[in-house]
Structure formats: C-alpha cells, structure tokens
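Shown below: my_file32.pdb, with PDB, C-alpha atoms.
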```
ATOM      1  CA  MET R   1      -4.229  -6.137  11.253
ATOM      2  CA  GLY R   2      -1.489  -6.170  13.871
ATOM      3  CA  GLY R   3      -0.992  -9.933  13.799
ATOM      4  CA  GLN R   4       2.216 -11.927  14.056
ATOM      5  CA  PRO R   5       2.625 -14.344  11.121
ATOM      6  CA  PHE R   6       4.073 -17.783  11.845
ATOM      7  CA  LEU R   7       3.253 -20.136   8.939
ATOM      8  CA  ALA R   8       3.023 -19.734   5.153
ATOM      9  CA  LEU R   9       2.270 -21.837   2.082
ATOM     10  CA  ASN R  10       3.600 -21.130  -1.413
ATOM     11  CA  VAL R  11       0.965 -20.833  -4.143
ATOM     12  CA  ALA R  12       2.403 -20.727  -7.654
ATOM     13  CA  ALA R  13       0.992 -20.874 -11.186
ATOM     14  CA  LEU R  14       3.826 -21.273 -13.673
ATOM     15  CA  PRO R  15       4.002 -21.993 -17.416
ATOM     16  CA  ASP R  16       5.715 -25.136 -18.671
ATOM     17  CA  ASP R  17       8.251 -23.173 -20.678
ATOM     18  CA  LEU R  18       9.326 -20.768 -17.917
ATOM     19  CA  PRO R  19      13.099 -21.147 -17.498
ATOM     20  CA  SER R  20      13.960 -22.886 -14.226
ATOM     21  CA  GLU R  21      16.316 -20.066 -13.241
ATOM     22  CA  ILE R  22      13.341 -17.675 -13.236
ATOM     23  CA  SER R  23      10.966 -19.942 -11.296
ATOM     24  CA  SER R  24      13.684 -20.700  -8.756
ATOM     25  CA  GLU R  25      14.321 -16.966  -8.267
ATOM     26  CA  ILE R  26      10.598 -16.408  -7.672
ATOM     27  CA  ILE R  27      10.506 -19.097  -4.989
ATOM     28  CA  ARG R  28      13.774 -17.891  -3.478
ATOM     29  CA  GLY R  29      12.464 -14.338  -3.251
ATOM     30  CA  GLY R  30       9.389 -15.545  -1.366
ATOM     31  CA  ALA R  31      11.554 -17.580   0.986
ATOM     32  CA  GLU R  32      13.798 -14.617   1.748
ATOM     33  CA  LYS R  33      10.874 -12.359   2.619
ATOM     34  CA  ALA R  34       9.249 -15.095   4.713
ATOM     35  CA  ARG R  35      12.493 -15.492   6.655
ATOM     36  CA  GLU R  36      12.696 -11.719   7.158
ATOM     37  CA  ALA R  37       9.136 -11.766   8.516
ATOM     38  CA  GLY R  38       9.914 -14.661  10.861
ATOM     39  CA  VAL R  39       7.681 -17.068   8.958
ATOM     40  CA  VAL R  40       8.160 -20.769   8.226
ATOM     41  CA  ILE R  41       7.144 -21.903   4.724
ATOM     42  CA  ALA R  42       5.575 -25.292   5.391
ATOM     43  CA  GLY R  43       4.764 -26.352   1.826
ATOM     44  CA  GLY R  44       2.481 -25.184  -0.902
ATOM     45  CA  HIS R  45       0.773 -25.924  -4.186
ATOM     46  CA  THR R  46       1.791 -25.429  -7.831
ATOM     47  CA  VAL R  47      -0.357 -25.457 -10.973
ATOM     48  CA  LYS R  48       0.354 -24.801 -14.646
ATOM     49  CA  ASP R  49      -0.711 -21.476 -16.153
ATOM     50  CA  LYS R  50       0.281 -19.403 -19.172
ATOM     51  CA  GLU R  51       1.009 -16.346 -17.028
ATOM     52  CA  PRO R  52       3.334 -16.690 -14.016
ATOM     53  CA  LYS R  53       1.669 -16.001 -10.670
ATOM     54  CA  TYR R  54       3.054 -16.379  -7.171
ATOM     55  CA  GLY R  55       1.858 -15.646  -3.665
ATOM     56  CA  LEU R  56       1.829 -16.816  -0.076
ATOM     57  CA  VAL R  57      -1.052 -17.953   2.117
ATOM     58  CA  VAL R  58      -0.149 -16.785   5.612
ATOM     59  CA  LEU R  59      -1.452 -17.768   9.043
ATOM     60  CA  GLY R  60      -0.711 -15.823  12.200
ATOM     61  CA  PHE R  61      -1.822 -14.800  15.672
ATOM     62  CA  VAL R  62      -3.385 -11.589  16.892
ATOM     63  CA  ASP R  63      -4.850 -10.447  20.186
ATOM     64  CA  PRO R  64      -8.494  -9.605  19.331
ATOM     65  CA  ARG R  65      -8.302  -6.686  21.768
ATOM     66  CA  LYS R  66      -5.510  -5.141  19.684
ATOM     67  CA  LEU R  67      -6.814  -5.607  16.156
ATOM     68  CA  LEU R  68      -6.155  -2.982  13.505
ATOM     69  CA  GLU R  69      -9.528  -2.576  11.794
ATOM     70  CA  LYS R  70     -10.888  -0.356   9.044
ATOM     71  CA  GLY R  71     -13.415   1.085  11.469
ATOM     72  CA  GLY R  72     -12.434   2.965  14.601
ATOM     73  CA  LEU R  73     -11.284   6.302  13.183
ATOM     74  CA  LYS R  74     -12.203   9.210  15.447
ATOM     75  CA  VAL R  75     -12.729  12.852  14.568
ATOM     76  CA  GLY R  76      -9.418  14.628  15.123
ATOM     77  CA  ASP R  77      -7.219  11.621  14.291
ATOM     78  CA  ALA R  78      -4.297  12.192  11.955
ATOM     79  CA  LEU R  79      -3.939  10.022   8.852
ATOM     80  CA  VAL R  80      -0.435   8.592   8.519
ATOM     81  CA  LEU R  81       0.923   6.762   5.451
ATOM     82  CA  THR R  82       3.983   4.491   5.643
ATOM     83  CA  LYS R  83       4.992   4.092   1.957
ATOM     84  CA  PRO R  84       4.805   6.471  -1.015
ATOM     85  CA  LEU R  85       2.469   5.966  -3.969
ATOM     86  CA  GLY R  86       3.108   5.392  -7.662
ATOM     87  CA  PHE R  87       3.903   1.694  -7.883
ATOM     88  CA  GLY R  88       1.023   0.866 -10.230
ATOM     89  CA  VAL R  89       1.691   3.581 -12.789
ATOM     90  CA  THR R  90       5.433   2.835 -12.742
ATOM     91  CA  THR R  91       5.099  -0.921 -13.222
ATOM     92  CA  THR R  92       2.581  -0.300 -16.012
ATOM     93  CA  ALA R  93       5.116   1.974 -17.689
ATOM     94  CA  LEU R  94       7.600  -0.891 -17.388
ATOM     95  CA  LYS R  95       5.174  -3.276 -19.106
ATOM     96  CA  GLN R  96       4.745  -0.733 -21.899
ATOM     97  CA  GLN R  97       8.539  -0.316 -22.152
ATOM     98  CA  LYS R  98       8.264   3.370 -21.236
ATOM     99  CA  ALA R  99       9.847   3.223 -17.772
ATOM    100  CA  GLU R 100      13.327   4.437 -16.915
ATOM    101  CA  GLU R 101      15.484   2.021 -14.946
ATOM    102  CA  PRO R 102      16.045   4.252 -11.867
ATOM    103  CA  ASP R 103      12.269   4.667 -11.505
ATOM    104  CA  VAL R 104      11.712   0.912 -11.678
ATOM    105  CA  LEU R 105      14.473   0.224  -9.157
ATOM    106  CA  GLU R 106      12.961   2.784  -6.768
ATOM    107  CA  ALA R 107       9.516   1.177  -7.038
ATOM    108  CA  VAL R 108      10.939  -2.316  -6.523
ATOM    109  CA  GLN R 109      12.945  -1.197  -3.487
ATOM    110  CA  TRP R 110       9.795   0.137  -1.826
ATOM    111  CA  MET R 111       7.677  -2.885  -2.797
ATOM    112  CA  LYS R 112      10.268  -5.227  -1.258
ATOM    113  CA  GLN R 113       9.899  -3.564   2.138
ATOM    114  CA  LEU R 114       7.701  -5.401   4.616
ATOM    115  CA  ASN R 115       5.012  -3.631   6.629
ATOM    116  CA  ARG R 116       6.310  -5.437   9.710
ATOM    117  CA  THR R 117       7.833  -2.439  11.476
ATOM    118  CA  ALA R 118       4.837  -0.232  10.673
ATOM    119  CA  SER R 119       2.485  -2.850  12.125
ATOM    120  CA  GLN R 120       4.601  -3.240  15.255
ATOM    121  CA  LEU R 121       4.641   0.540  15.646
ATOM    122  CA  ALA R 122       0.846   0.625  15.425
ATOM    123  CA  ASN R 123       0.671  -2.009  18.164
ATOM    124  CA  GLU R 124       3.184  -0.192  20.330
ATOM    125  CA  PHE R 125       1.010   2.934  20.310
ATOM    126  CA  GLY R 126      -2.251   1.061  20.810
ATOM    127  CA  LEU R 127      -3.748   2.134  17.487
ATOM    128  CA  HIS R 128      -7.039   0.520  16.479
ATOM    129  CA  SER R 129      -7.704   1.747  12.948
ATOM    130  CA  GLY R 130      -5.624   0.998   9.876
ATOM    131  CA  THR R 131      -5.492  -0.735   6.514
ATOM    132  CA  ASP R 132      -2.987  -1.506   3.770
ATOM    133  CA  ILE R 133      -3.005   0.432   0.512
ATOM    134  CA  THR R 134      -3.240  -2.089  -2.308
ATOM    135  CA  GLY R 135      -5.480  -2.621  -5.338
ATOM    136  CA  TYR R 136      -8.234  -0.153  -4.452
ATOM    137  CA  SER R 137      -5.736   2.736  -4.277
ATOM    138  CA  LEU R 138      -5.249   5.309  -1.550
ATOM    139  CA  LEU R 139      -8.690   6.809  -2.131
ATOM    140  CA  GLY R 140     -10.475   3.458  -2.315
ATOM    141  CA  HIS R 141      -9.002   2.080   0.878
ATOM    142  CA  SER R 142      -9.415   5.448   2.599
ATOM    143  CA  MET R 143     -13.084   5.385   1.638
ATOM    144  CA  GLU R 144     -13.445   1.933   3.189
ATOM    145  CA  MET R 145     -12.069   3.322   6.460
ATOM    146  CA  ALA R 146     -14.255   6.426   6.333
ATOM    147  CA  GLU R 147     -17.432   4.429   5.718
ATOM    148  CA  ALA R 148     -16.609   1.797   8.345
ATOM    149  CA  SER R 149     -15.926   4.540  10.904
ATOM    150  CA  GLY R 150     -18.818   6.854   9.991
ATOM    151  CA  VAL R 151     -16.529   9.842   9.413
ATOM    152  CA  ALA R 152     -15.165  12.098   6.660
ATOM    153  CA  LEU R 153     -11.520  12.368   5.645
ATOM    154  CA  GLN R 154      -9.538  15.362   4.452
ATOM    155  CA  LEU R 155      -6.351  14.594   2.525
ATOM    156  CA  ASN R 156      -3.660  17.197   1.933
ATOM    157  CA  TYR R 157      -2.436  16.489  -1.605
ATOM    158  CA  SER R 158       0.877  18.295  -1.141
ATOM    159  CA  ALA R 159       1.672  16.003   1.813
ATOM    160  CA  VAL R 160       1.056  12.750  -0.104
ATOM    161  CA  PRO R 161       4.397  11.136  -1.074
ATOM    162  CA  PHE R 162       5.030   9.772  -4.583
ATOM    163  CA  ILE R 163       8.016   7.921  -5.984
ATOM    164  CA  SER R 164      10.146   9.853  -8.457
ATOM    165  CA  GLY R 165       8.661   8.768 -11.799
ATOM    166  CA  ALA R 166       5.004   8.654 -10.800
ATOM    167  CA  ARG R 167       4.000  12.105 -12.010
ATOM    168  CA  LYS R 168       5.868  11.691 -15.292
ATOM    169  CA  TYR R 169       4.101   8.434 -16.135
ATOM    170  CA  ALA R 170       0.763   9.809 -14.938
ATOM    171  CA  GLU R 171       1.068  12.621 -17.460
ATOM    172  CA  GLN R 172       1.613   9.963 -20.144
ATOM    173  CA  GLY R 173      -1.611   8.214 -19.051
ATOM    174  CA  VAL R 174      -0.002   4.794 -18.563
ATOM    175  CA  PHE R 175      -2.161   3.748 -15.617
ATOM    176  CA  PRO R 176      -3.229   0.125 -15.090
ATOM    177  CA  GLY R 177      -6.853  -0.655 -15.899
ATOM    178  CA  GLY R 178      -7.657  -0.912 -12.200
ATOM    179  CA  ALA R 179      -7.003   2.809 -11.759
ATOM    180  CA  PHE R 180      -9.920   3.670 -14.033
ATOM    181  CA  ASP R 181     -12.127   1.106 -12.277
ATOM    182  CA  ASN R 182     -11.220   2.714  -8.943
ATOM    183  CA  LYS R 183     -12.007   6.177 -10.294
ATOM    184  CA  LYS R 184     -15.415   5.079 -11.602
ATOM    185  CA  HIS R 185     -16.383   3.391  -8.348
ATOM    186  CA  PHE R 186     -15.031   5.793  -5.709
ATOM    187  CA  GLU R 187     -15.012   9.220  -7.384
ATOM    188  CA  PRO R 188     -18.691  10.062  -6.649
ATOM    189  CA  ASN R 189     -17.789  10.355  -2.955
ATOM    190  CA  VAL R 190     -14.538  12.293  -3.474
ATOM    191  CA  GLU R 191     -14.259  16.073  -3.785
ATOM    192  CA  PHE R 192     -11.060  17.468  -5.325
ATOM    193  CA  ALA R 193      -9.801  21.014  -4.982
ATOM    194  CA  ASP R 194      -9.715  22.813  -8.327
ATOM    195  CA  VAL R 195      -5.908  23.067  -8.291
ATOM    196  CA  ILE R 196      -5.473  19.274  -8.503
ATOM    197  CA  ASP R 197      -5.280  18.347 -12.195
ATOM    198  CA  GLN R 198      -6.373  15.084 -13.828
ATOM    199  CA  PRO R 199      -2.994  13.278 -13.641
ATOM    200  CA  GLY R 200      -2.759  14.247  -9.987
ATOM    201  CA  GLN R 201      -6.230  12.930  -9.278
ATOM    202  CA  MET R 202      -5.539   9.677 -11.109
ATOM    203  CA  LEU R 203      -2.435   9.047  -9.000
ATOM    204  CA  LEU R 204      -4.696   8.798  -5.959
ATOM    205  CA  PHE R 205      -6.732   6.092  -7.755
ATOM    206  CA  ASP R 206      -3.568   4.180  -8.757
ATOM    207  CA  PRO R 207      -3.602   0.521  -7.559
ATOM    208  CA  GLN R 208      -0.577  -0.302  -5.438
ATOM    209  CA  THR R 209       1.320  -3.576  -5.224
ATOM    210  CA  SER R 210       2.817  -4.085  -1.747
ATOM    211  CA  GLY R 211       1.749  -0.632  -0.614
ATOM    212  CA  GLY R 212       2.144   0.765   2.859
ATOM    213  CA  LEU R 213      -0.257   1.134   5.765
ATOM    214  CA  LEU R 214      -2.708   3.968   6.327
ATOM    215  CA  LEU R 215      -3.114   4.489  10.063
ATOM    216  CA  GLY R 216      -5.382   6.621  12.205
ATOM    217  CA  VAL R 217      -3.247   8.203  14.943
ATOM    218  CA  PRO R 218      -4.888  10.157  17.802
ATOM    219  CA  SER R 219      -3.638  13.749  17.809
ATOM    220  CA  GLN R 220      -2.211  13.460  21.324
ATOM    221  CA  LYS R 221      -0.001  10.556  20.214
ATOM    222  CA  LEU R 222       1.095  11.942  16.844
ATOM    223  CA  GLU R 223       4.334  13.683  17.828
ATOM    224  CA  SER R 224       5.677  10.739  19.810
ATOM    225  CA  PHE R 225       4.483   8.333  17.093
ATOM    226  CA  VAL R 226       6.463  10.178  14.407
ATOM    227  CA  THR R 227       9.521  10.410  16.650
ATOM    228  CA  ARG R 228       9.418   6.690  17.398
ATOM    229  CA  ALA R 229       8.972   5.873  13.706
ATOM    230  CA  HIS R 230      12.137   7.786  12.871
ATOM    231  CA  GLU R 231      14.003   5.940  15.636
ATOM    232  CA  LEU R 232      12.969   2.626  14.042
ATOM    233  CA  GLY R 233      13.856   3.760  10.522
ATOM    234  CA  GLN R 234      10.206   3.610   9.493
ATOM    235  CA  SER R 235       9.076   6.187   6.942
ATOM    236  CA  VAL R 236       5.854   8.018   7.831
ATOM    237  CA  TRP R 237       3.960  10.896   6.234
ATOM    238  CA  VAL R 238       1.069  12.756   7.870
ATOM    239  CA  ILE R 239      -1.271  13.199   4.904
ATOM    240  CA  GLY R 240      -4.599  14.270   6.365
ATOM    241  CA  SER R 241      -7.120  14.236   9.157
ATOM    242  CA  VAL R 242     -10.430  12.750  10.237
ATOM    243  CA  GLU R 243     -13.453  15.040  10.338
ATOM    244  CA  ALA R 244     -17.158  14.824  11.008
ATOM    245  CA  GLY R 245     -19.334  14.000   8.022
ATOM    246  CA  ALA R 246     -18.938  11.608   5.115
ATOM    247  CA  GLY R 247     -16.790  11.145   2.015
ATOM    248  CA  ILE R 248     -13.303  12.383   1.219
ATOM    249  CA  ARG R 249     -12.097  15.873   0.389
ATOM    250  CA  VAL R 250      -8.676  16.307  -1.240
ATOM    251  CA  VAL R 251      -7.258  19.818  -0.801
TER     252      VAL R 251
END
```

Hey, can you dump this file as structure tokens for me?
Amino acid sequence: MGGQPFLALNVAALPDDLPSEISSEIIRGGAEKAREAGVVIAGGHTVKDKEPKYGLVVLGFVDPRKLLEKGGLKVGDALVLTKPLGFGVTTTALKQQKAEEPDVLEAVQWMKQLNRTASQLANEFGLHSGTDITGYSLLGHSMEMAEASGVALQLNYSAVPFISGARKYAEQGVFPGGAFDNKKHFEPNVEFADVIDQPGQMLLFDPQTSGGLLLGVPSQKLESFVTRAHELGQSVWVIGSVEAGAGIRVV
C-alpha cells in the first residue's frame, strides 16, 4: 500500500520432530528478509503443528494521502506488473516431484525478491492504485481492482511474463487447488480470446506466493516510469490497459 514497515513479529507453527537445523533456517530466512526491508523483529509466537508454517506480522507507516489502493484506476491507465507468474504451478510440481531443479530455483529466486523497490517507485510517481498478486491470482486481484474502480480491464496475454517452467507444468495440469477455486469464482466475469487455450487460461488463475505488484500507471507517466524502473533494476511489464465498462477481457 506504499507504507514503510518498521516492526515485525515472527509467527511460527512447527512440528515437534522438525530437525532444529530446518527450523533455524526458517527463522534465519525471515530475519534476513526483515533486515533487507529495514524491519526490526521484536519477538513473536510459536505453536506446535503437524505442518510447518511461518510468517511475519508487520507494522508500518503510510501517509494516507499517498495510499496505494485497489480503487482509483482511471480509463486510459496502463497496467504494469513487477514479477512474472507461474510460482504456484511450479511449486505444486515440486510437491508432486515433477519439477526440474532449474525451474524451482528460478521460482525461488523471484519469490525471495521484496516488493520494496516497486512500492517506492509507485510512491515516487504518485500512483494511487495498485495491489499485490497473491492467492487470488492475476485475474482475481485484477478483478478486485476493476470492481473497486468501476472500470474494465484489457490484458494482453502475449505481454504477460511467466517463469520458464510454468507452461510445461500447466500442460501437465499440476495446478494447486486454489487455481480451480479462482477459476470457478472469477471466470464468469472474464472473457478470453479464442486463441488462448485451457493451460494458458489456467496460468492466469494460478495462485502466487510472494508475487509482484500490479500498478495502474497514467499514460502520460508510463515512459518515464519504465525508464526509472530500469534505472533502479526493477523489472516491469506493461500487460494491459484500463477501459470503460466492467469485467476483464484477455486478448
């Protein structure tokens, strides 16, 4: 939302028999990312559970006049994505022992990247509309923005970035269960061009872990926004536009 985090609490659910070297690596990984984000971990809470779970509760500051909100898209805005898609289908392939190591490493490398620079870039350009792409998929979170803003979105499928193994695993149908839930819930308001096949459609319903930001960038700021992103080493893809109407069309 454009805020600056300053304080975090660990929340962990770990099984009794989890080797200490694994639990310590989990906590260390959280600490490293918190340090990278400029956050102090001030404590936390741990419970026992059969399946390991870990996360951070984060507090921060934001100027209410500069909030990134789901509403606020304007007709003519460009839709800009800051990370590729395909994390859900790739990690599911890993769970099913079907994933190739380079594909997993690529997904992990992207998931480890903070959205810090992308958020700062949005603030620098005075953007007001954005969201992160997580469990509801690109189409689900895009729909939230469209409905909150009272507009329609057009996505250019050929411009949407995917990590290397995503298409391969999509063709094998190894999506997480959430992808099918997303499809059932959001598909009635999505229109696909005939050339986009079923695996391609499903990739847009794929839940993402640690996905990027989807930002609405006014057309007059787009060129300078992209140039500045490249200067900062921030990946950006222009994947669509905001139009009058309702729903989402994928062409």

- request: Might you spell out which residues the PyMOL selection byres ((chain R and resi 5-9) around 10) would select in the displayed file, as a list in words?
  value: Gly2, Gly3, Gln4, Asn10, Val11, Ala12, Ala31, Ala34, Ala37, Gly38, Val39, Val40, Ile41, Ala42, Gly43, Gly44, His45, Gly55, Leu56, Val57, Val58, Leu59, Gly60, Phe61, Val62 and Arg116 of chain R

Would you write out, as CSV, a table of all residues in stretch 5-116 of chain R that have an atom no more than 12 Å from an atom of stretch 152-156 of chain R, listing for each the closest atom pair and the distance in Å to one decimal, considering all atoms listed in the file and ordering rows by chain and rising residue number?
```
residue,atom,partner,partner_atom,distance
R:Leu73,CA,R:Ala152,CA,9.6
R:Lys74,CA,R:Ala152,CA,9.7
R:Val75,CA,R:Ala152,CA,8.3
R:Gly76,CA,R:Leu153,CA,10.0
R:Asp77,CA,R:Leu153,CA,9.7
R:Ala78,CA,R:Leu153,CA,9.6
R:Leu79,CA,R:Leu155,CA,8.2
R:Val80,CA,R:Leu155,CA,10.3
R:Leu81,CA,R:Leu155,CA,11.1
```

message: I'd like the residues picked by the PyMOL selection byres ((chain R and resi 195-210) around 8) written out as a PyMOL selection string, using the chain letters and numbers from the file.
response: chain R and resi 85-89+111-112+133-140+166-167+170-171+173+175-176+178-180+182-183+192-194+211-212+251

Next, dump the selected residues to file, keeping only C-alpha atoms, as an mmCIF file, keeping the file's coordinate frame.
```
data_model
loop_
_atom_site.group_PDB
_atom_site.id
_atom_site.type_symbol
_atom_site.label_atom_id
_atom_site.label_comp_id
_atom_site.auth_asym_id
_atom_site.auth_seq_id
_atom_site.Cartn_x
_atom_site.Cartn_y
_atom_site.Cartn_z
ATOM 1 C CA LEU R 85 2.469 5.966 -3.969
ATOM 2 C CA GLY R 86 3.108 5.392 -7.662
ATOM 3 C CA PHE R 87 3.903 1.694 -7.883
ATOM 4 C CA GLY R 88 1.023 0.866 -10.230
ATOM 5 C CA VAL R 89 1.691 3.581 -12.789
ATOM 6 C CA MET R 111 7.677 -2.885 -2.797
ATOM 7 C CA LYS R 112 10.268 -5.227 -1.258
ATOM 8 C CA ILE R 133 -3.005 0.432 0.512
ATOM 9 C CA THR R 134 -3.240 -2.089 -2.308
ATOM 10 C CA GLY R 135 -5.480 -2.621 -5.338
ATOM 11 C CA TYR R 136 -8.234 -0.153 -4.452
ATOM 12 C CA SER R 137 -5.736 2.736 -4.277
ATOM 13 C CA LEU R 138 -5.249 5.309 -1.550
ATOM 14 C CA LEU R 139 -8.690 6.809 -2.131
ATOM 15 C CA GLY R 140 -10.475 3.458 -2.315
ATOM 16 C CA ALA R 166 5.004 8.654 -10.800
ATOM 17 C CA ARG R 167 4.000 12.105 -12.010
ATOM 18 C CA ALA R 170 0.763 9.809 -14.938
ATOM 19 C CA GLU R 171 1.068 12.621 -17.460
ATOM 20 C CA GLY R 173 -1.611 8.214 -19.051
ATOM 21 C CA PHE R 175 -2.161 3.748 -15.617
ATOM 22 C CA PRO R 176 -3.229 0.125 -15.090
ATOM 23 C CA GLY R 178 -7.657 -0.912 -12.200
ATOM 24 C CA ALA R 179 -7.003 2.809 -11.759
ATOM 25 C CA PHE R 180 -9.920 3.670 -14.033
ATOM 26 C CA ASN R 182 -11.220 2.714 -8.943
ATOM 27 C CA LYS R 183 -12.007 6.177 -10.294
ATOM 28 C CA PHE R 192 -11.060 17.468 -5.325
ATOM 29 C CA ALA R 193 -9.801 21.014 -4.982
ATOM 30 C CA ASP R 194 -9.715 22.813 -8.327
ATOM 31 C CA GLY R 211 1.749 -0.632 -0.614
ATOM 32 C CA GLY R 212 2.144 0.765 2.859
ATOM 33 C CA VAL R 251 -7.258 19.818 -0.801
#
```

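With distances taken over all atoms listed in the file, R:Leu213 is the one residue among R:Leu18, R:Ile239, R:Leu213, R:Ala13 lying closest to R:Gln113.
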
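With only C-alpha atoms as the atoms that count, the minimum distance from R:Asp132 to the choices R:Gly216, R:Gly233, R:Gly150, R:Gly247 is reached by R:Gly216.
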
- request: Find, counting all atoms listed in the file, the residue in R:Thr82, R:Ser164, R:Ser149, R:Gln220 that gets nearest to R:Ala244.
  value: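 Once distances to R:Ala244 are computed over all atoms listed in the file, the minimum belongs to R:Ser149.
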
- request: I would like the residues chosen by the PyMOL selection byres ((chain R and resi 160) around 8) on the shown file; could you give them as a PyMOL selection string?
  value: chain R and resi 84-85+156-159+161-162+237-239

Can stretch 64-72 of chain R be brought up to all heavy atoms and written out as a short mmCIF file (atom, residue, chain, number, x, y, z; two decimals), keeping the file's coordinate frame?
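The result, written out as result.cif:
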```
data_model
loop_
_atom_site.label_atom_id
_atom_site.label_comp_id
_atom_site.auth_asym_id
_atom_site.auth_seq_id
_atom_site.Cartn_x
_atom_site.Cartn_y
_atom_site.Cartn_z
N PRO R 64 -7.29 -10.28 19.85
CA PRO R 64 -8.49 -9.60 19.33
C PRO R 64 -8.75 -8.24 19.97
O PRO R 64 -9.47 -7.42 19.40
CB PRO R 64 -9.62 -10.60 19.64
CG PRO R 64 -9.07 -11.50 20.68
CD PRO R 64 -7.59 -11.58 20.45
N ARG R 65 -8.15 -8.00 21.12
CA ARG R 65 -8.30 -6.69 21.77
C ARG R 65 -7.39 -5.64 21.14
O ARG R 65 -7.52 -4.44 21.43
CB ARG R 65 -7.98 -6.81 23.26
CG ARG R 65 -8.92 -7.75 24.03
CD ARG R 65 -8.37 -8.05 25.40
NE ARG R 65 -7.09 -8.74 25.32
CZ ARG R 65 -6.37 -9.11 26.38
NH1 ARG R 65 -6.82 -8.87 27.60
NH2 ARG R 65 -5.21 -9.74 26.22
N LYS R 66 -6.48 -6.07 20.26
CA LYS R 66 -5.51 -5.14 19.68
C LYS R 66 -5.55 -5.15 18.16
O LYS R 66 -4.57 -4.81 17.50
CB LYS R 66 -4.10 -5.50 20.17
CG LYS R 66 -3.94 -5.42 21.68
CD LYS R 66 -2.52 -5.82 22.10
CE LYS R 66 -2.36 -5.74 23.61
NZ LYS R 66 -1.00 -6.13 24.04
N LEU R 67 -6.68 -5.54 17.61
CA LEU R 67 -6.81 -5.61 16.16
C LEU R 67 -6.74 -4.22 15.52
O LEU R 67 -7.30 -3.25 16.03
CB LEU R 67 -8.16 -6.23 15.78
CG LEU R 67 -8.31 -7.74 15.85
CD1 LEU R 67 -9.76 -8.11 15.58
CD2 LEU R 67 -7.40 -8.42 14.84
N LEU R 68 -6.05 -4.15 14.37
CA LEU R 68 -6.16 -2.98 13.50
C LEU R 68 -7.31 -3.23 12.55
O LEU R 68 -7.27 -4.17 11.76
CB LEU R 68 -4.87 -2.78 12.71
CG LEU R 68 -3.74 -2.00 13.35
CD1 LEU R 68 -2.53 -1.98 12.42
CD2 LEU R 68 -4.16 -0.58 13.68
N GLU R 69 -8.34 -2.39 12.62
CA GLU R 69 -9.53 -2.58 11.79
C GLU R 69 -9.76 -1.34 10.94
O GLU R 69 -9.24 -0.26 11.22
CB GLU R 69 -10.75 -2.84 12.68
CG GLU R 69 -10.61 -4.10 13.54
CD GLU R 69 -11.83 -4.31 14.41
OE1 GLU R 69 -12.21 -3.37 15.13
OE2 GLU R 69 -12.40 -5.41 14.35
N LYS R 70 -10.58 -1.50 9.90
CA LYS R 70 -10.89 -0.36 9.04
C LYS R 70 -11.77 0.66 9.77
O LYS R 70 -11.68 1.86 9.51
CB LYS R 70 -11.56 -0.84 7.76
CG LYS R 70 -10.64 -1.64 6.86
CD LYS R 70 -11.35 -2.19 5.64
CE LYS R 70 -10.40 -3.03 4.81
NZ LYS R 70 -11.07 -3.68 3.66
N GLY R 71 -12.63 0.18 10.65
CA GLY R 71 -13.42 1.08 11.47
C GLY R 71 -12.58 1.58 12.64
O GLY R 71 -11.46 1.15 12.86
N GLY R 72 -13.12 2.50 13.41
CA GLY R 72 -12.43 2.96 14.60
C GLY R 72 -11.77 4.31 14.48
O GLY R 72 -11.21 4.82 15.45
#
```
